[in-house]
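Okay, run_0.txt now, which holds compact mmCIF, N, CA and C atoms and all ligand atoms:
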```txt
# COMPACT_ATOMS: atom_id res chain seq x y z
N MET E 233 -21.70 -14.67 10.85
CA MET E 233 -21.76 -14.55 9.40
C MET E 233 -22.39 -15.81 8.81
N ILE E 234 -23.18 -15.61 7.79
CA ILE E 234 -23.87 -16.73 7.17
C ILE E 234 -23.32 -16.94 5.76
N LEU E 235 -23.04 -18.18 5.45
CA LEU E 235 -22.65 -18.50 4.09
C LEU E 235 -23.91 -18.94 3.35
N CYS E 236 -24.25 -18.20 2.32
CA CYS E 236 -25.47 -18.50 1.58
C CYS E 236 -25.23 -19.69 0.64
N GLU E 237 -26.33 -20.30 0.22
CA GLU E 237 -26.20 -21.42 -0.71
C GLU E 237 -25.62 -21.00 -2.05
N CYS E 238 -25.67 -19.72 -2.36
CA CYS E 238 -25.14 -19.25 -3.63
C CYS E 238 -23.62 -19.05 -3.55
N GLY E 239 -23.03 -19.26 -2.38
CA GLY E 239 -21.58 -19.18 -2.26
C GLY E 239 -21.06 -17.83 -1.80
N GLU E 240 -21.97 -16.93 -1.45
CA GLU E 240 -21.54 -15.62 -0.96
C GLU E 240 -21.79 -15.53 0.53
N PHE E 241 -20.98 -14.75 1.19
CA PHE E 241 -21.25 -14.45 2.58
C PHE E 241 -22.33 -13.39 2.65
N ILE E 242 -23.28 -13.60 3.53
CA ILE E 242 -24.33 -12.61 3.69
C ILE E 242 -23.92 -11.69 4.83
N GLU E 243 -23.68 -10.47 4.51
CA GLU E 243 -23.30 -9.52 5.55
C GLU E 243 -24.25 -8.34 5.55
N THR E 244 -24.11 -7.49 4.59
CA THR E 244 -24.93 -6.28 4.56
C THR E 244 -25.98 -6.33 3.45
N ASP E 245 -25.78 -7.21 2.49
CA ASP E 245 -26.69 -7.23 1.34
C ASP E 245 -27.90 -8.12 1.62
N ILE E 246 -28.67 -7.71 2.62
CA ILE E 246 -29.83 -8.51 3.00
C ILE E 246 -31.12 -7.71 2.79
N PHE E 247 -32.21 -8.42 2.64
CA PHE E 247 -33.50 -7.76 2.69
C PHE E 247 -34.30 -8.36 3.83
N ARG E 248 -35.23 -7.60 4.36
CA ARG E 248 -36.06 -8.10 5.44
C ARG E 248 -37.43 -8.46 4.90
N ASP E 249 -37.93 -9.58 5.40
CA ASP E 249 -39.20 -10.05 4.87
C ASP E 249 -39.85 -10.96 5.91
N TYR E 250 -41.00 -11.50 5.55
CA TYR E 250 -41.67 -12.44 6.43
C TYR E 250 -41.79 -13.77 5.70
N MET E 251 -41.67 -14.84 6.44
CA MET E 251 -41.86 -16.15 5.82
C MET E 251 -42.59 -17.08 6.80
N LYS E 252 -43.12 -18.15 6.24
CA LYS E 252 -43.86 -19.10 7.05
C LYS E 252 -42.88 -20.06 7.70
N THR E 253 -42.95 -20.17 9.01
CA THR E 253 -42.15 -21.16 9.71
C THR E 253 -43.08 -21.95 10.63
N SER E 254 -42.52 -22.93 11.31
CA SER E 254 -43.34 -23.74 12.21
C SER E 254 -43.79 -22.92 13.43
N LEU E 255 -43.11 -21.81 13.66
CA LEU E 255 -43.41 -20.96 14.81
C LEU E 255 -44.58 -20.04 14.52
N ASN E 256 -44.60 -19.50 13.34
CA ASN E 256 -45.54 -18.43 13.02
C ASN E 256 -45.68 -18.37 11.50
N PRO E 257 -46.92 -18.16 11.01
CA PRO E 257 -47.10 -18.10 9.56
C PRO E 257 -46.40 -16.90 8.92
N SER E 258 -46.12 -15.88 9.71
CA SER E 258 -45.33 -14.78 9.15
C SER E 258 -44.25 -14.37 10.14
N THR E 259 -43.16 -15.09 10.07
CA THR E 259 -42.02 -14.83 10.94
C THR E 259 -41.08 -13.87 10.24
N ARG E 260 -40.63 -12.90 11.00
CA ARG E 260 -39.65 -11.96 10.42
C ARG E 260 -38.36 -12.69 10.10
N THR E 261 -37.83 -12.44 8.96
CA THR E 261 -36.57 -13.08 8.61
C THR E 261 -35.78 -12.19 7.67
N VAL E 262 -34.62 -12.68 7.29
CA VAL E 262 -33.81 -11.93 6.33
C VAL E 262 -33.54 -12.82 5.13
N GLY E 263 -33.28 -12.19 4.03
CA GLY E 263 -32.93 -12.92 2.82
C GLY E 263 -31.69 -12.32 2.19
N HIS E 264 -31.11 -13.06 1.29
CA HIS E 264 -29.92 -12.59 0.60
C HIS E 264 -30.35 -11.87 -0.67
N ARG E 265 -30.05 -10.59 -0.74
CA ARG E 265 -30.54 -9.76 -1.83
C ARG E 265 -30.02 -10.27 -3.19
N ASN E 266 -28.78 -10.70 -3.21
CA ASN E 266 -28.17 -11.06 -4.51
C ASN E 266 -28.80 -12.27 -5.17
N CYS E 267 -29.30 -13.21 -4.38
CA CYS E 267 -29.86 -14.42 -4.99
C CYS E 267 -31.32 -14.65 -4.58
N GLY E 268 -31.78 -13.92 -3.58
CA GLY E 268 -33.19 -14.03 -3.20
C GLY E 268 -33.50 -15.12 -2.20
N LEU E 269 -32.50 -15.83 -1.73
CA LEU E 269 -32.74 -16.90 -0.76
C LEU E 269 -33.12 -16.32 0.59
N MET E 270 -34.22 -16.82 1.15
CA MET E 270 -34.62 -16.38 2.48
C MET E 270 -34.18 -17.44 3.48
N ILE E 271 -33.81 -16.97 4.65
CA ILE E 271 -33.24 -17.89 5.63
C ILE E 271 -34.22 -18.14 6.76
N ASN E 272 -34.49 -19.40 6.96
CA ASN E 272 -35.43 -19.81 7.99
C ASN E 272 -34.64 -20.17 9.26
N PHE E 273 -34.53 -19.20 10.15
CA PHE E 273 -33.76 -19.43 11.37
C PHE E 273 -34.52 -20.34 12.33
N VAL E 274 -35.83 -20.33 12.23
CA VAL E 274 -36.64 -21.09 13.18
C VAL E 274 -36.48 -22.59 12.96
N ASP E 275 -36.64 -23.01 11.73
CA ASP E 275 -36.60 -24.45 11.45
C ASP E 275 -35.22 -24.93 11.01
N GLU E 276 -34.24 -24.05 11.17
CA GLU E 276 -32.86 -24.43 10.85
C GLU E 276 -32.72 -24.93 9.41
N LYS E 277 -33.50 -24.32 8.53
CA LYS E 277 -33.33 -24.73 7.13
C LYS E 277 -32.26 -23.87 6.50
N ARG E 278 -31.21 -23.71 7.22
CA ARG E 278 -30.11 -22.92 6.71
C ARG E 278 -29.28 -23.79 5.79
N PRO E 279 -28.38 -23.14 5.06
CA PRO E 279 -27.49 -23.95 4.22
C PRO E 279 -26.85 -25.07 5.03
N LYS E 280 -26.77 -26.23 4.45
CA LYS E 280 -26.26 -27.40 5.16
C LYS E 280 -24.88 -27.15 5.72
N ARG E 281 -24.67 -27.64 6.90
CA ARG E 281 -23.39 -27.36 7.54
C ARG E 281 -22.36 -28.42 7.18
N TYR E 282 -22.83 -29.62 6.97
CA TYR E 282 -21.89 -30.66 6.59
C TYR E 282 -22.31 -31.24 5.25
N SER E 283 -21.77 -30.72 4.22
CA SER E 283 -22.14 -31.20 2.90
C SER E 283 -21.33 -32.43 2.56
N SER E 284 -21.83 -33.17 1.58
CA SER E 284 -21.03 -34.26 1.05
C SER E 284 -19.86 -33.64 0.29
N ARG E 285 -18.89 -34.47 -0.02
CA ARG E 285 -17.71 -34.00 -0.72
C ARG E 285 -18.09 -33.30 -2.03
N LYS E 286 -19.06 -33.89 -2.72
CA LYS E 286 -19.47 -33.35 -4.02
C LYS E 286 -20.17 -32.01 -3.87
N GLU E 287 -21.08 -31.94 -2.89
CA GLU E 287 -21.80 -30.69 -2.65
C GLU E 287 -20.84 -29.59 -2.21
N LEU E 288 -19.90 -29.98 -1.36
CA LEU E 288 -18.94 -29.01 -0.86
C LEU E 288 -18.11 -28.45 -2.00
N LYS E 289 -17.77 -29.32 -2.93
CA LYS E 289 -16.96 -28.88 -4.05
C LYS E 289 -17.73 -27.85 -4.90
N MET E 290 -19.02 -28.11 -5.09
CA MET E 290 -19.83 -27.16 -5.86
C MET E 290 -19.92 -25.82 -5.13
N LEU E 291 -20.10 -25.90 -3.82
CA LEU E 291 -20.17 -24.68 -3.03
C LEU E 291 -18.83 -23.94 -3.08
N ALA E 292 -17.76 -24.70 -3.00
CA ALA E 292 -16.42 -24.11 -3.03
C ALA E 292 -16.17 -23.43 -4.37
N CYS E 293 -16.64 -24.03 -5.44
CA CYS E 293 -16.47 -23.44 -6.78
C CYS E 293 -17.20 -22.10 -6.85
N LYS E 294 -18.43 -22.10 -6.38
CA LYS E 294 -19.22 -20.86 -6.40
C LYS E 294 -18.54 -19.81 -5.53
N PHE E 295 -18.09 -20.26 -4.39
CA PHE E 295 -17.43 -19.35 -3.46
C PHE E 295 -16.19 -18.73 -4.09
N ALA E 296 -15.39 -19.59 -4.74
CA ALA E 296 -14.16 -19.13 -5.36
C ALA E 296 -14.46 -18.12 -6.47
N GLN E 297 -15.48 -18.41 -7.26
CA GLN E 297 -15.85 -17.50 -8.34
C GLN E 297 -16.15 -16.11 -7.83
N LYS E 298 -16.75 -16.04 -6.66
CA LYS E 298 -17.19 -14.74 -6.14
C LYS E 298 -16.13 -14.06 -5.29
N ASN E 299 -15.29 -14.86 -4.66
CA ASN E 299 -14.41 -14.27 -3.66
C ASN E 299 -12.92 -14.33 -3.98
N LEU E 300 -12.56 -15.04 -5.02
CA LEU E 300 -11.12 -15.22 -5.27
C LEU E 300 -10.78 -14.95 -6.73
N PRO E 301 -9.57 -14.46 -6.97
CA PRO E 301 -9.13 -14.33 -8.36
C PRO E 301 -8.99 -15.71 -9.01
N VAL E 302 -9.20 -15.77 -10.31
CA VAL E 302 -9.21 -17.05 -11.02
C VAL E 302 -7.94 -17.85 -10.79
N GLU E 303 -6.82 -17.18 -10.72
CA GLU E 303 -5.55 -17.90 -10.62
C GLU E 303 -5.39 -18.62 -9.28
N ASN E 304 -6.22 -18.29 -8.31
CA ASN E 304 -6.12 -18.94 -7.01
C ASN E 304 -7.16 -20.02 -6.79
N THR E 305 -8.04 -20.20 -7.78
CA THR E 305 -9.16 -21.12 -7.60
C THR E 305 -8.71 -22.56 -7.38
N ALA E 306 -7.79 -23.03 -8.20
CA ALA E 306 -7.33 -24.41 -8.10
C ALA E 306 -6.72 -24.68 -6.73
N GLN E 307 -5.91 -23.74 -6.31
CA GLN E 307 -5.24 -23.82 -5.02
C GLN E 307 -6.27 -23.89 -3.89
N PHE E 308 -7.30 -23.06 -4.03
CA PHE E 308 -8.36 -23.01 -3.03
C PHE E 308 -9.11 -24.34 -2.97
N LEU E 309 -9.44 -24.89 -4.13
CA LEU E 309 -10.19 -26.15 -4.17
C LEU E 309 -9.39 -27.29 -3.57
N LEU E 310 -8.09 -27.28 -3.80
CA LEU E 310 -7.22 -28.30 -3.20
C LEU E 310 -7.22 -28.18 -1.68
N ALA E 311 -7.15 -26.94 -1.21
CA ALA E 311 -7.16 -26.72 0.24
C ALA E 311 -8.48 -27.19 0.84
N VAL E 312 -9.58 -26.92 0.14
CA VAL E 312 -10.90 -27.36 0.61
C VAL E 312 -10.93 -28.88 0.73
N GLU E 313 -10.44 -29.56 -0.30
CA GLU E 313 -10.37 -31.03 -0.28
C GLU E 313 -9.60 -31.52 0.93
N ARG E 314 -8.48 -30.87 1.18
CA ARG E 314 -7.61 -31.30 2.26
C ARG E 314 -8.29 -31.12 3.62
N PHE E 315 -8.92 -29.96 3.81
CA PHE E 315 -9.61 -29.72 5.09
C PHE E 315 -10.78 -30.69 5.27
N LYS E 316 -11.45 -30.99 4.16
CA LYS E 316 -12.58 -31.92 4.23
C LYS E 316 -12.09 -33.31 4.66
N SER E 317 -10.93 -33.70 4.16
CA SER E 317 -10.39 -35.02 4.49
C SER E 317 -9.97 -35.12 5.94
N GLN E 318 -9.72 -33.96 6.55
CA GLN E 318 -9.24 -33.98 7.93
C GLN E 318 -10.30 -34.42 8.92
N GLY E 319 -11.56 -34.38 8.52
CA GLY E 319 -12.59 -34.85 9.45
C GLY E 319 -13.80 -33.97 9.48
N ARG E 320 -14.35 -33.79 10.67
CA ARG E 320 -15.68 -33.21 10.78
C ARG E 320 -15.68 -31.70 10.92
N LEU E 321 -15.07 -31.03 10.00
CA LEU E 321 -15.16 -29.58 9.99
C LEU E 321 -16.45 -29.17 9.29
N GLN E 322 -17.04 -28.08 9.74
CA GLN E 322 -18.22 -27.56 9.06
C GLN E 322 -17.83 -26.95 7.72
N ASP E 323 -18.81 -26.92 6.83
CA ASP E 323 -18.57 -26.32 5.52
C ASP E 323 -17.93 -24.94 5.64
N LEU E 324 -18.53 -24.14 6.50
CA LEU E 324 -18.07 -22.76 6.63
C LEU E 324 -16.63 -22.72 7.13
N GLU E 325 -16.32 -23.60 8.09
CA GLU E 325 -14.95 -23.64 8.62
C GLU E 325 -13.98 -24.06 7.53
N ILE E 326 -14.39 -25.04 6.76
CA ILE E 326 -13.52 -25.52 5.68
C ILE E 326 -13.26 -24.41 4.68
N LEU E 327 -14.34 -23.74 4.26
CA LEU E 327 -14.18 -22.68 3.27
C LEU E 327 -13.34 -21.53 3.82
N MET E 328 -13.59 -21.17 5.08
CA MET E 328 -12.83 -20.07 5.67
C MET E 328 -11.35 -20.43 5.83
N ASN E 329 -11.09 -21.66 6.30
CA ASN E 329 -9.70 -22.09 6.45
C ASN E 329 -8.98 -22.04 5.11
N ALA E 330 -9.63 -22.60 4.10
CA ALA E 330 -9.02 -22.64 2.78
C ALA E 330 -8.84 -21.23 2.23
N TYR E 331 -9.85 -20.41 2.44
CA TYR E 331 -9.82 -19.03 1.95
C TYR E 331 -8.64 -18.27 2.57
N HIS E 332 -8.50 -18.39 3.89
CA HIS E 332 -7.42 -17.68 4.57
C HIS E 332 -6.05 -18.21 4.16
N GLU E 333 -6.00 -19.52 3.95
CA GLU E 333 -4.73 -20.10 3.52
C GLU E 333 -4.30 -19.53 2.18
N VAL E 334 -5.25 -19.46 1.25
CA VAL E 334 -4.95 -18.94 -0.08
C VAL E 334 -4.58 -17.46 0.00
N LEU E 335 -5.36 -16.71 0.79
CA LEU E 335 -5.08 -15.28 0.94
C LEU E 335 -3.69 -15.05 1.51
N LYS E 336 -3.34 -15.87 2.50
CA LYS E 336 -2.04 -15.73 3.14
C LYS E 336 -0.93 -15.94 2.11
N LYS E 337 -1.13 -16.98 1.29
CA LYS E 337 -0.12 -17.27 0.27
C LYS E 337 -0.03 -16.13 -0.74
N CYS E 338 -1.18 -15.59 -1.12
CA CYS E 338 -1.20 -14.44 -2.04
C CYS E 338 -0.38 -13.30 -1.47
N CYS E 339 -0.63 -12.99 -0.20
CA CYS E 339 0.03 -11.86 0.43
C CYS E 339 1.53 -12.10 0.53
N GLU E 340 1.89 -13.33 0.89
CA GLU E 340 3.31 -13.65 0.98
C GLU E 340 4.00 -13.43 -0.36
N ASN E 341 3.33 -13.90 -1.42
CA ASN E 341 3.91 -13.72 -2.74
C ASN E 341 4.05 -12.24 -3.08
N LYS E 342 3.01 -11.49 -2.74
CA LYS E 342 3.03 -10.07 -3.04
C LYS E 342 4.14 -9.37 -2.27
N LYS E 343 4.28 -9.75 -1.01
CA LYS E 343 5.33 -9.16 -0.19
C LYS E 343 6.68 -9.44 -0.82
N GLU E 344 6.87 -10.67 -1.22
CA GLU E 344 8.12 -11.05 -1.85
C GLU E 344 8.38 -10.21 -3.10
N LEU E 345 7.32 -10.06 -3.90
CA LEU E 345 7.45 -9.30 -5.14
C LEU E 345 7.83 -7.86 -4.85
N SER E 346 7.10 -7.24 -3.89
CA SER E 346 7.39 -5.83 -3.63
C SER E 346 8.76 -5.69 -2.99
N PHE E 347 9.16 -6.73 -2.27
CA PHE E 347 10.49 -6.70 -1.66
C PHE E 347 11.56 -6.68 -2.77
N HIS E 348 11.34 -7.53 -3.77
CA HIS E 348 12.31 -7.57 -4.87
C HIS E 348 12.27 -6.27 -5.68
N ASP E 349 11.07 -5.71 -5.76
CA ASP E 349 10.93 -4.46 -6.52
C ASP E 349 11.77 -3.33 -5.91
N THR E 350 11.85 -3.36 -4.60
CA THR E 350 12.54 -2.25 -3.94
C THR E 350 14.06 -2.43 -3.97
N LEU E 351 14.51 -3.60 -4.35
CA LEU E 351 15.97 -3.82 -4.40
C LEU E 351 16.61 -3.09 -5.57
ZN ZN A 1 -27.23 -15.97 -1.84
```
Give the structure from the file, written as structure tokens.
Amino acid sequence: MILCECGEFIETDIFRDYMKTSLNPSTRTVGHRNCGLMINFVDEKRPKRYSSRKELKMLACKFAQKNLPVENTAQFLLAVERFKSQGRLQDLEILMNAYHEVLKKCCENKKELSFHDTL
């Protein structure tokens, strides 16, 4: 899975196109339909894997806007900060770890709520 620079995961919403790379002036590639970014697999001009703290925060904000409910954004950003401080995790790993952590907490809360509802 590829995390696009726009903060979305690129899965099925891709377009196919050709772009100029060091290998070939028209190399087959894919792009992200939602934002139009084309990915250069040949020259590894993919979204940066290790962003600075500031860049990561911007990416995390965009990611949260697209993938998380507003009420979980702050929690998610804190988790991102924490994973970043832990050391050399890749951007994607940091975002995924934080994302899963927040989702897990959401589900736990929901389970608790529905548990109380049934009492
Ligand atoms: Zn994109």
Residues within 6.5 Å of ligand ZN 1 (chain A), counting all atoms listed in the file: report them as a ChimeraX atom specification. /E:236-240,264-269
For the helix (DSSP H, G or I) assignment from backbone DSSP, which residues of chain E qualify? Please present them as a VMD selection string. chain E and resid 285 to 299 302 to 317 323 to 350
Closest of E:Cys339, E:Ile246, E:Val334, E:Leu324 to Glu303 of chain E - atom-to-atom distances counting only C-alpha atoms: E:Val334
Fewer than 5 positions away in the same chain doesn't count, so skip those; otherwise give me all residues within 7 Å of Arg281 of chain E, counting all atoms listed in the file, as a PDB file with N, CA and C atoms, in the frame of the given file.
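Contents of the output file selection_25.pdb:
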```
ATOM      1  N   LEU E 321     -15.070 -31.030  10.000  1.00  0.00           N
ATOM      2  CA  LEU E 321     -15.160 -29.580   9.990  1.00  0.00           C
ATOM      3  C   LEU E 321     -16.450 -29.170   9.290  1.00  0.00           C
ATOM      4  N   GLN E 322     -17.040 -28.080   9.740  1.00  0.00           N
ATOM      5  CA  GLN E 322     -18.220 -27.560   9.060  1.00  0.00           C
ATOM      6  C   GLN E 322     -17.830 -26.950   7.720  1.00  0.00           C
ATOM      7  N   ASP E 323     -18.810 -26.920   6.830  1.00  0.00           N
ATOM      8  CA  ASP E 323     -18.570 -26.320   5.520  1.00  0.00           C
ATOM      9  C   ASP E 323     -17.930 -24.940   5.640  1.00  0.00           C
ATOM     10  N   LEU E 324     -18.530 -24.140   6.500  1.00  0.00           N
ATOM     11  CA  LEU E 324     -18.070 -22.760   6.630  1.00  0.00           C
ATOM     12  C   LEU E 324     -16.630 -22.720   7.130  1.00  0.00           C
TER      13      LEU E 324
END
```
Leaving out segment 252-259 of chain E and any residue of its chain fewer than 3 positions from it, which residues lie within 8 Å of it when counting all atoms listed in the file, given as a count of residues only? 6
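Between atom CA of Val312 of chain E and atom CA of Leu327 of chain E there is a distance of 6.3 Å.
Here atom CA of Gly319 of chain E stands at a distance of 27.0 Å from atom CA of Ile271 of chain E.
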